Amino acid sequence: MIASIDVDPQKTFTSLCPNELPVFEGHLIGKALNNQAKHAQLRVLTKDAHPANAVWVVDAHDKMLMPLEHTNADLTWVSHAVPGTEGFEVIPDLPGVTAYDHVIWKGVEPDLHPYGACFHDIHEKLSTGLIEWLNAKQVSTVLVGGLATDYCVKTTALQLKQHGQFDVWVNLEACRGIANDTTVVACQEMIDAGIRVIDSLEEFQA
C-alpha cells in the first residue's frame, strides 16, 4: 500500500500571504501534489494550526529564528497558519479537507511548535497518530511533498523513516524550500538517512 502525504501546503507559506512565511513558488505545487497522489491508494494532509498567542510569535521578520528556552518551541517565528485566516487555507488546486483519507493538524498548543507531522513535540515523545494510522492501513511506501523542503518536509520524512518501517520517497517537484543552501543540506540529510530523494515522479518505483 502506498500513501501520498501533502505536508503543510498552506497559503501561509506562499506569496499569497507575504506577511507570514512566504516560500518562493510555494503556491505552485498543487498540481504536482495531485499528480503524486495518483501513484498512491491513500492521501494524507498535514496542516500547521497555530494560535495567535503562541510563545514563539514575534512581530517582525527580522526578529525570527532567535533561539528560545521553551522545551518544545526552539525558535521565534512571525505569526502564521492561524485557523480562520487565509494563511491557514490550502494552496490553489488542492482538494478540500474531506477529500483526504487522513488529516493531521499540528502546533495547536501555544507552547508547541513541531516541524514534523508524526509528533506533537520536538522531542518526539507525543505521537500525532500518523505512523500508527499508516501501519493500520498496511502502508509500506510513502511519497512526501509539500512546504517547506528544509523544515517540515525534511522533519516529517525523517520521522517516517526513523520511527516507522516505511520506504520513504521525497518528491522535489512537489516541494519548495525556504533557502537553497538549507535545502541542499536537508536533501543530503534525508539521503544519508536512507530516504529516496527524487527530482520527479519519473524516478519513482513502487
# chains A, B, ... in the order shown; residues from 1 in each chain; ligands from 1
call {"tool": "residues_around", "arguments": {"residues": "His50 (chain A)", "least_positions_apart": "3", "cutoff": "6 Å", "atoms": "only C-alpha atoms", "output": "PDB file with N, CA and C atoms, in the first residue's frame"}}
result
ATOM      1  N   ALA A  81      -0.291  30.629   9.863  1.00  0.00           N
ATOM      2  CA  ALA A  81      -1.194  29.466   9.854  1.00  0.00           C
ATOM      3  C   ALA A  81      -2.178  29.479  11.016  1.00  0.00           C
ATOM      4  N   VAL A  82      -2.724  30.635  11.303  1.00  0.00           N
ATOM      5  CA  VAL A  82      -3.721  30.742  12.370  1.00  0.00           C
ATOM      6  C   VAL A  82      -5.078  30.292  11.829  1.00  0.00           C
ATOM      7  N   GLY A 107       0.746  21.753  16.048  1.00  0.00           N
ATOM      8  CA  GLY A 107       1.115  23.037  16.613  1.00  0.00           C
ATOM      9  C   GLY A 107      -0.047  23.819  17.181  1.00  0.00           C
ATOM     10  N   VAL A 108      -1.102  23.118  17.576  1.00  0.00           N
ATOM     11  CA  VAL A 108      -2.295  23.795  18.094  1.00  0.00           C
ATOM     12  C   VAL A 108      -2.040  24.420  19.462  1.00  0.00           C
TER      13      VAL A 108
END
call {"tool": "select_by_dssp", "arguments": {"residues": "region 5-147 of chain A", "states": "helix (DSSP H, G or I)", "output": "PyMOL selection string"}}
result
chain A and resi 11-13+26-28+30-37+61-63+86-88+97-99+130-136
call {"tool": "residues_around", "arguments": {"residues": "region 195-205 of chain A", "least_positions_apart": "4", "cutoff": "10 Å", "atoms": "only C-alpha atoms", "output": "CSV table (one decimal) with C-alpha atoms, in the first residue's frame"}}
result
chain,number,residue,atom,x,y,z
A,32,ALA,CA,2.5,18.3,-8.6
A,35,ASN,CA,-0.1,14.0,-9.6
A,36,GLN,CA,1.9,12.5,-6.8
A,39,HIS,CA,0.5,7.0,-7.5
A,141,THR,CA,5.7,3.1,0.9
A,143,LEU,CA,5.5,9.6,-1.1
A,144,VAL,CA,6.2,13.0,0.5
A,154,LYS,CA,12.5,17.1,5.9
A,157,ALA,CA,10.3,12.4,6.1
A,158,LEU,CA,13.0,11.7,8.8
A,160,LEU,CA,8.7,8.4,9.0
A,161,LYS,CA,12.0,6.7,8.2
A,162,GLN,CA,13.3,6.6,11.8
A,166,PHE,CA,8.4,2.7,5.5
A,167,ASP,CA,10.2,3.1,2.2
A,168,VAL,CA,10.1,6.9,2.1
A,169,TRP,CA,10.4,9.0,-1.1
A,170,VAL,CA,10.6,12.8,-1.2
A,171,ASN,CA,9.4,14.2,-4.5
A,172,LEU,CA,11.2,17.5,-5.0
A,173,GLU,CA,8.9,18.6,-7.9
A,174,ALA,CA,6.1,18.8,-5.3
A,175,CYS,CA,8.2,20.7,-2.8
A,187,CYS,CA,18.3,16.7,1.0
A,188,GLN,CA,21.7,15.3,1.9
A,189,GLU,CA,20.5,14.7,5.4
A,190,MET,CA,17.5,12.8,4.1
A,191,ILE,CA,19.6,10.8,1.7
call {"tool": "atom_distance", "arguments": {"atom1": "CA of Pro22 (chain A)", "atom2": "CA of Asp181 (chain A)"}}
result
16.8 Å
call {"tool": "residues_around", "arguments": {"residues": "Val55 (chain A)", "least_positions_apart": "6", "cutoff": "8 Å", "atoms": "only C-alpha atoms", "output": "ChimeraX atom specification"}}
result
/A:73,110-111
call {"tool": "residues_around", "arguments": {"residues": "Val78 (chain A)", "least_positions_apart": "6", "cutoff": "7 Å", "atoms": "only C-alpha atoms", "output": "PyMOL selection string"}}
result
chain A and resi 20+57-61+64
call {"tool": "residues_around", "arguments": {"residues": "Leu75 (chain A)", "least_positions_apart": "3", "cutoff": "8 Å", "atoms": "only C-alpha atoms", "output": "JSON, numbers by chain"}}
result
{"A": [56, 64, 65, 66, 67, 68]}
call {"tool": "write_last_selection", "arguments": {"atoms": "C-alpha atoms", "output": "PDB file, in the first residue's frame"}}
result
ATOM      1  CA  TRP A  56       7.274  31.774  19.797  1.00  0.00           C
ATOM      2  CA  MET A  64      12.765  35.492  13.628  1.00  0.00           C
ATOM      3  CA  LEU A  65      14.992  32.444  14.107  1.00  0.00           C
ATOM      4  CA  MET A  66      16.134  33.551  17.533  1.00  0.00           C
ATOM      5  CA  PRO A  67      16.626  30.656  19.980  1.00  0.00           C
ATOM      6  CA  LEU A  68      14.068  30.083  22.703  1.00  0.00           C
TER       7      LEU A  68
END
call {"tool": "select_by_dssp", "arguments": {"residues": "region 50-172 of chain A", "states": "strand (DSSP E or B)", "output": "VMD selection string"}}
result
chain A and resid 57 to 58 67 to 70 73 to 75 77 to 78 90 102 to 106 119 127 141 to 147 167 to 172
call {"tool": "closest_residue", "arguments": {"among": "A:Tyr100, A:Leu134, A:Val184, A:Val90", "to": "Ile2 (chain A)", "atoms": "only C-alpha atoms"}}
result
A:Leu134
call {"tool": "closest_residue", "arguments": {"among": "A:Cys17, A:Thr12, A:Ile29, A:Asn180", "to": "Pro92 (chain A)", "atoms": "only C-alpha atoms"}}
result
A:Ile29
call {"tool": "residues_around", "arguments": {"residues": "Ala179 (chain A)", "least_positions_apart": "3", "cutoff": "9 Å", "atoms": "only C-alpha atoms", "output": "list in words"}}
result
Val23, Phe24, Asp150, Arg176, Thr182, Thr183 and Val184 of chain A
call {"tool": "atom_distance", "arguments": {"atom1": "CA of Asp192 (chain A)", "atom2": "CA of Gly145 (chain A)"}}
result
18.3 Å
call {"tool": "decode", "arguments": {"residues": "region 121-167 of chain A", "atoms": "N, CA and C atoms", "output": "PDB file, in the first residue's frame"}}
result
ATOM      1  N   ASP A 121       5.488  17.080  19.677  1.00  0.00           N
ATOM      2  CA  ASP A 121       6.571  17.738  20.401  1.00  0.00           C
ATOM      3  C   ASP A 121       7.904  17.551  19.682  1.00  0.00           C
ATOM      4  N   ILE A 122       8.809  18.460  19.921  1.00  0.00           N
ATOM      5  CA  ILE A 122      10.119  18.427  19.277  1.00  0.00           C
ATOM      6  C   ILE A 122      10.923  17.201  19.699  1.00  0.00           C
ATOM      7  N   HIS A 123      10.702  16.738  20.917  1.00  0.00           N
ATOM      8  CA  HIS A 123      11.457  15.596  21.429  1.00  0.00           C
ATOM      9  C   HIS A 123      10.897  14.250  20.956  1.00  0.00           C
ATOM     10  N   GLU A 124       9.838  14.311  20.166  1.00  0.00           N
ATOM     11  CA  GLU A 124       9.267  13.128  19.506  1.00  0.00           C
ATOM     12  C   GLU A 124       8.840  12.052  20.505  1.00  0.00           C
ATOM     13  N   LYS A 125       8.077  12.508  21.502  1.00  0.00           N
ATOM     14  CA  LYS A 125       7.527  11.594  22.508  1.00  0.00           C
ATOM     15  C   LYS A 125       6.012  11.445  22.372  1.00  0.00           C
ATOM     16  N   LEU A 126       5.345  12.521  21.930  1.00  0.00           N
ATOM     17  CA  LEU A 126       3.887  12.545  21.867  1.00  0.00           C
ATOM     18  C   LEU A 126       3.431  12.392  20.418  1.00  0.00           C
ATOM     19  N   SER A 127       2.980  11.193  20.081  1.00  0.00           N
ATOM     20  CA  SER A 127       2.622  10.883  18.694  1.00  0.00           C
ATOM     21  C   SER A 127       1.345  11.599  18.250  1.00  0.00           C
ATOM     22  N   THR A 128       1.332  12.015  16.998  1.00  0.00           N
ATOM     23  CA  THR A 128       0.104  12.542  16.398  1.00  0.00           C
ATOM     24  C   THR A 128      -0.802  11.418  15.920  1.00  0.00           C
ATOM     25  N   GLY A 129      -0.267  10.202  15.872  1.00  0.00           N
ATOM     26  CA  GLY A 129      -1.032   9.068  15.375  1.00  0.00           C
ATOM     27  C   GLY A 129      -0.825   8.769  13.906  1.00  0.00           C
ATOM     28  N   LEU A 130      -0.032   9.586  13.215  1.00  0.00           N
ATOM     29  CA  LEU A 130       0.156   9.373  11.776  1.00  0.00           C
ATOM     30  C   LEU A 130       0.827   8.041  11.486  1.00  0.00           C
ATOM     31  N   ILE A 131       1.923   7.748  12.179  1.00  0.00           N
ATOM     32  CA  ILE A 131       2.628   6.488  11.940  1.00  0.00           C
ATOM     33  C   ILE A 131       1.728   5.305  12.263  1.00  0.00           C
ATOM     34  N   GLU A 132       0.999   5.398  13.350  1.00  0.00           N
ATOM     35  CA  GLU A 132       0.103   4.306  13.744  1.00  0.00           C
ATOM     36  C   GLU A 132      -1.004   4.107  12.706  1.00  0.00           C
ATOM     37  N   TRP A 133      -1.523   5.215  12.169  1.00  0.00           N
ATOM     38  CA  TRP A 133      -2.566   5.117  11.140  1.00  0.00           C
ATOM     39  C   TRP A 133      -2.018   4.466   9.874  1.00  0.00           C
ATOM     40  N   LEU A 134      -0.836   4.879   9.454  1.00  0.00           N
ATOM     41  CA  LEU A 134      -0.221   4.280   8.270  1.00  0.00           C
ATOM     42  C   LEU A 134       0.013   2.787   8.475  1.00  0.00           C
ATOM     43  N   ASN A 135       0.459   2.412   9.670  1.00  0.00           N
ATOM     44  CA  ASN A 135       0.661   0.991   9.971  1.00  0.00           C
ATOM     45  C   ASN A 135      -0.656   0.229   9.934  1.00  0.00           C
ATOM     46  N   ALA A 136      -1.704   0.832  10.479  1.00  0.00           N
ATOM     47  CA  ALA A 136      -3.017   0.178  10.495  1.00  0.00           C
ATOM     48  C   ALA A 136      -3.551  -0.044   9.084  1.00  0.00           C
ATOM     49  N   LYS A 137      -3.186   0.850   8.180  1.00  0.00           N
ATOM     50  CA  LYS A 137      -3.608   0.741   6.780  1.00  0.00           C
ATOM     51  C   LYS A 137      -2.645  -0.127   5.961  1.00  0.00           C
ATOM     52  N   GLN A 138      -1.641  -0.686   6.629  1.00  0.00           N
ATOM     53  CA  GLN A 138      -0.647  -1.564   5.995  1.00  0.00           C
ATOM     54  C   GLN A 138       0.111  -0.857   4.876  1.00  0.00           C
ATOM     55  N   VAL A 139       0.442   0.395   5.129  1.00  0.00           N
ATOM     56  CA  VAL A 139       1.241   1.181   4.181  1.00  0.00           C
ATOM     57  C   VAL A 139       2.710   0.771   4.290  1.00  0.00           C
ATOM     58  N   SER A 140       3.329   0.534   3.166  1.00  0.00           N
ATOM     59  CA  SER A 140       4.749   0.180   3.145  1.00  0.00           C
ATOM     60  C   SER A 140       5.603   1.262   2.498  1.00  0.00           C
ATOM     61  N   THR A 141       4.990   2.068   1.611  1.00  0.00           N
ATOM     62  CA  THR A 141       5.715   3.098   0.873  1.00  0.00           C
ATOM     63  C   THR A 141       5.012   4.436   1.039  1.00  0.00           C
ATOM     64  N   VAL A 142       5.804   5.494   1.275  1.00  0.00           N
ATOM     65  CA  VAL A 142       5.240   6.829   1.471  1.00  0.00           C
ATOM     66  C   VAL A 142       5.900   7.808   0.510  1.00  0.00           C
ATOM     67  N   LEU A 143       5.080   8.555  -0.216  1.00  0.00           N
ATOM     68  CA  LEU A 143       5.530   9.632  -1.088  1.00  0.00           C
ATOM     69  C   LEU A 143       5.267  10.949  -0.373  1.00  0.00           C
ATOM     70  N   VAL A 144       6.296  11.790  -0.255  1.00  0.00           N
ATOM     71  CA  VAL A 144       6.159  13.029   0.512  1.00  0.00           C
ATOM     72  C   VAL A 144       6.448  14.239  -0.370  1.00  0.00           C
ATOM     73  N   GLY A 145       5.580  15.241  -0.260  1.00  0.00           N
ATOM     74  CA  GLY A 145       5.794  16.529  -0.899  1.00  0.00           C
ATOM     75  C   GLY A 145       5.217  17.609  -0.011  1.00  0.00           C
ATOM     76  N   GLY A 146       5.505  18.876  -0.319  1.00  0.00           N
ATOM     77  CA  GLY A 146       4.914  19.946   0.467  1.00  0.00           C
ATOM     78  C   GLY A 146       5.865  21.083   0.770  1.00  0.00           C
ATOM     79  N   LEU A 147       5.568  21.791   1.860  1.00  0.00           N
ATOM     80  CA  LEU A 147       6.296  23.000   2.246  1.00  0.00           C
ATOM     81  C   LEU A 147       6.711  22.943   3.714  1.00  0.00           C
ATOM     82  N   ALA A 148       7.890  23.362   4.033  1.00  0.00           N
ATOM     83  CA  ALA A 148       8.963  23.657   3.089  1.00  0.00           C
ATOM     84  C   ALA A 148       9.973  22.508   3.151  1.00  0.00           C
ATOM     85  N   THR A 149      10.704  22.310   2.065  1.00  0.00           N
ATOM     86  CA  THR A 149      11.622  21.179   1.951  1.00  0.00           C
ATOM     87  C   THR A 149      12.599  21.103   3.118  1.00  0.00           C
ATOM     88  N   ASP A 150      13.129  22.256   3.516  1.00  0.00           N
ATOM     89  CA  ASP A 150      14.207  22.286   4.501  1.00  0.00           C
ATOM     90  C   ASP A 150      13.729  22.332   5.954  1.00  0.00           C
ATOM     91  N   TYR A 151      12.423  22.301   6.172  1.00  0.00           N
ATOM     92  CA  TYR A 151      11.904  22.283   7.537  1.00  0.00           C
ATOM     93  C   TYR A 151      10.900  21.144   7.731  1.00  0.00           C
ATOM     94  N   CYS A 152       9.628  21.403   7.446  1.00  0.00           N
ATOM     95  CA  CYS A 152       8.592  20.425   7.788  1.00  0.00           C
ATOM     96  C   CYS A 152       8.612  19.179   6.897  1.00  0.00           C
ATOM     97  N   VAL A 153       8.957  19.340   5.622  1.00  0.00           N
ATOM     98  CA  VAL A 153       9.060  18.166   4.748  1.00  0.00           C
ATOM     99  C   VAL A 153      10.198  17.272   5.223  1.00  0.00           C
ATOM    100  N   LYS A 154      11.352  17.870   5.448  1.00  0.00           N
ATOM    101  CA  LYS A 154      12.518  17.106   5.908  1.00  0.00           C
ATOM    102  C   LYS A 154      12.223  16.384   7.215  1.00  0.00           C
ATOM    103  N   THR A 155      11.694  17.108   8.185  1.00  0.00           N
ATOM    104  CA  THR A 155      11.465  16.505   9.501  1.00  0.00           C
ATOM    105  C   THR A 155      10.421  15.411   9.434  1.00  0.00           C
ATOM    106  N   THR A 156       9.371  15.617   8.668  1.00  0.00           N
ATOM    107  CA  THR A 156       8.344  14.580   8.514  1.00  0.00           C
ATOM    108  C   THR A 156       8.932  13.328   7.879  1.00  0.00           C
ATOM    109  N   ALA A 157       9.712  13.504   6.817  1.00  0.00           N
ATOM    110  CA  ALA A 157      10.319  12.354   6.143  1.00  0.00           C
ATOM    111  C   ALA A 157      11.266  11.604   7.071  1.00  0.00           C
ATOM    112  N   LEU A 158      12.069  12.343   7.825  1.00  0.00           N
ATOM    113  CA  LEU A 158      13.000  11.698   8.760  1.00  0.00           C
ATOM    114  C   LEU A 158      12.257  10.936   9.848  1.00  0.00           C
ATOM    115  N   GLN A 159      11.175  11.507  10.351  1.00  0.00           N
ATOM    116  CA  GLN A 159      10.387  10.819  11.376  1.00  0.00           C
ATOM    117  C   GLN A 159       9.769   9.537  10.820  1.00  0.00           C
ATOM    118  N   LEU A 160       9.250   9.597   9.617  1.00  0.00           N
ATOM    119  CA  LEU A 160       8.658   8.410   8.999  1.00  0.00           C
ATOM    120  C   LEU A 160       9.696   7.312   8.830  1.00  0.00           C
ATOM    121  N   LYS A 161      10.911   7.705   8.467  1.00  0.00           N
ATOM    122  CA  LYS A 161      11.972   6.734   8.248  1.00  0.00           C
ATOM    123  C   LYS A 161      12.513   6.178   9.558  1.00  0.00           C
ATOM    124  N   GLN A 162      12.690   7.032  10.538  1.00  0.00           N
ATOM    125  CA  GLN A 162      13.338   6.627  11.781  1.00  0.00           C
ATOM    126  C   GLN A 162      12.405   5.918  12.748  1.00  0.00           C
ATOM    127  N   HIS A 163      11.132   6.283  12.726  1.00  0.00           N
ATOM    128  CA  HIS A 163      10.193   5.720  13.694  1.00  0.00           C
ATOM    129  C   HIS A 163       9.225   4.727  13.062  1.00  0.00           C
ATOM    130  N   GLY A 164       9.228   4.633  11.752  1.00  0.00           N
ATOM    131  CA  GLY A 164       8.372   3.681  11.057  1.00  0.00           C
ATOM    132  C   GLY A 164       9.216   2.717  10.244  1.00  0.00           C
ATOM    133  N   GLN A 165       8.537   1.810   9.583  1.00  0.00           N
ATOM    134  CA  GLN A 165       9.226   0.835   8.734  1.00  0.00           C
ATOM    135  C   GLN A 165       8.821   1.076   7.279  1.00  0.00           C
ATOM    136  N   PHE A 166       8.928   2.323   6.860  1.00  0.00           N
ATOM    137  CA  PHE A 166       8.443   2.700   5.539  1.00  0.00           C
ATOM    138  C   PHE A 166       9.578   2.954   4.551  1.00  0.00           C
ATOM    139  N   ASP A 167       9.284   2.694   3.292  1.00  0.00           N
ATOM    140  CA  ASP A 167      10.154   3.120   2.199  1.00  0.00           C
ATOM    141  C   ASP A 167       9.725   4.546   1.867  1.00  0.00           C
TER     142      ASP A 167
END
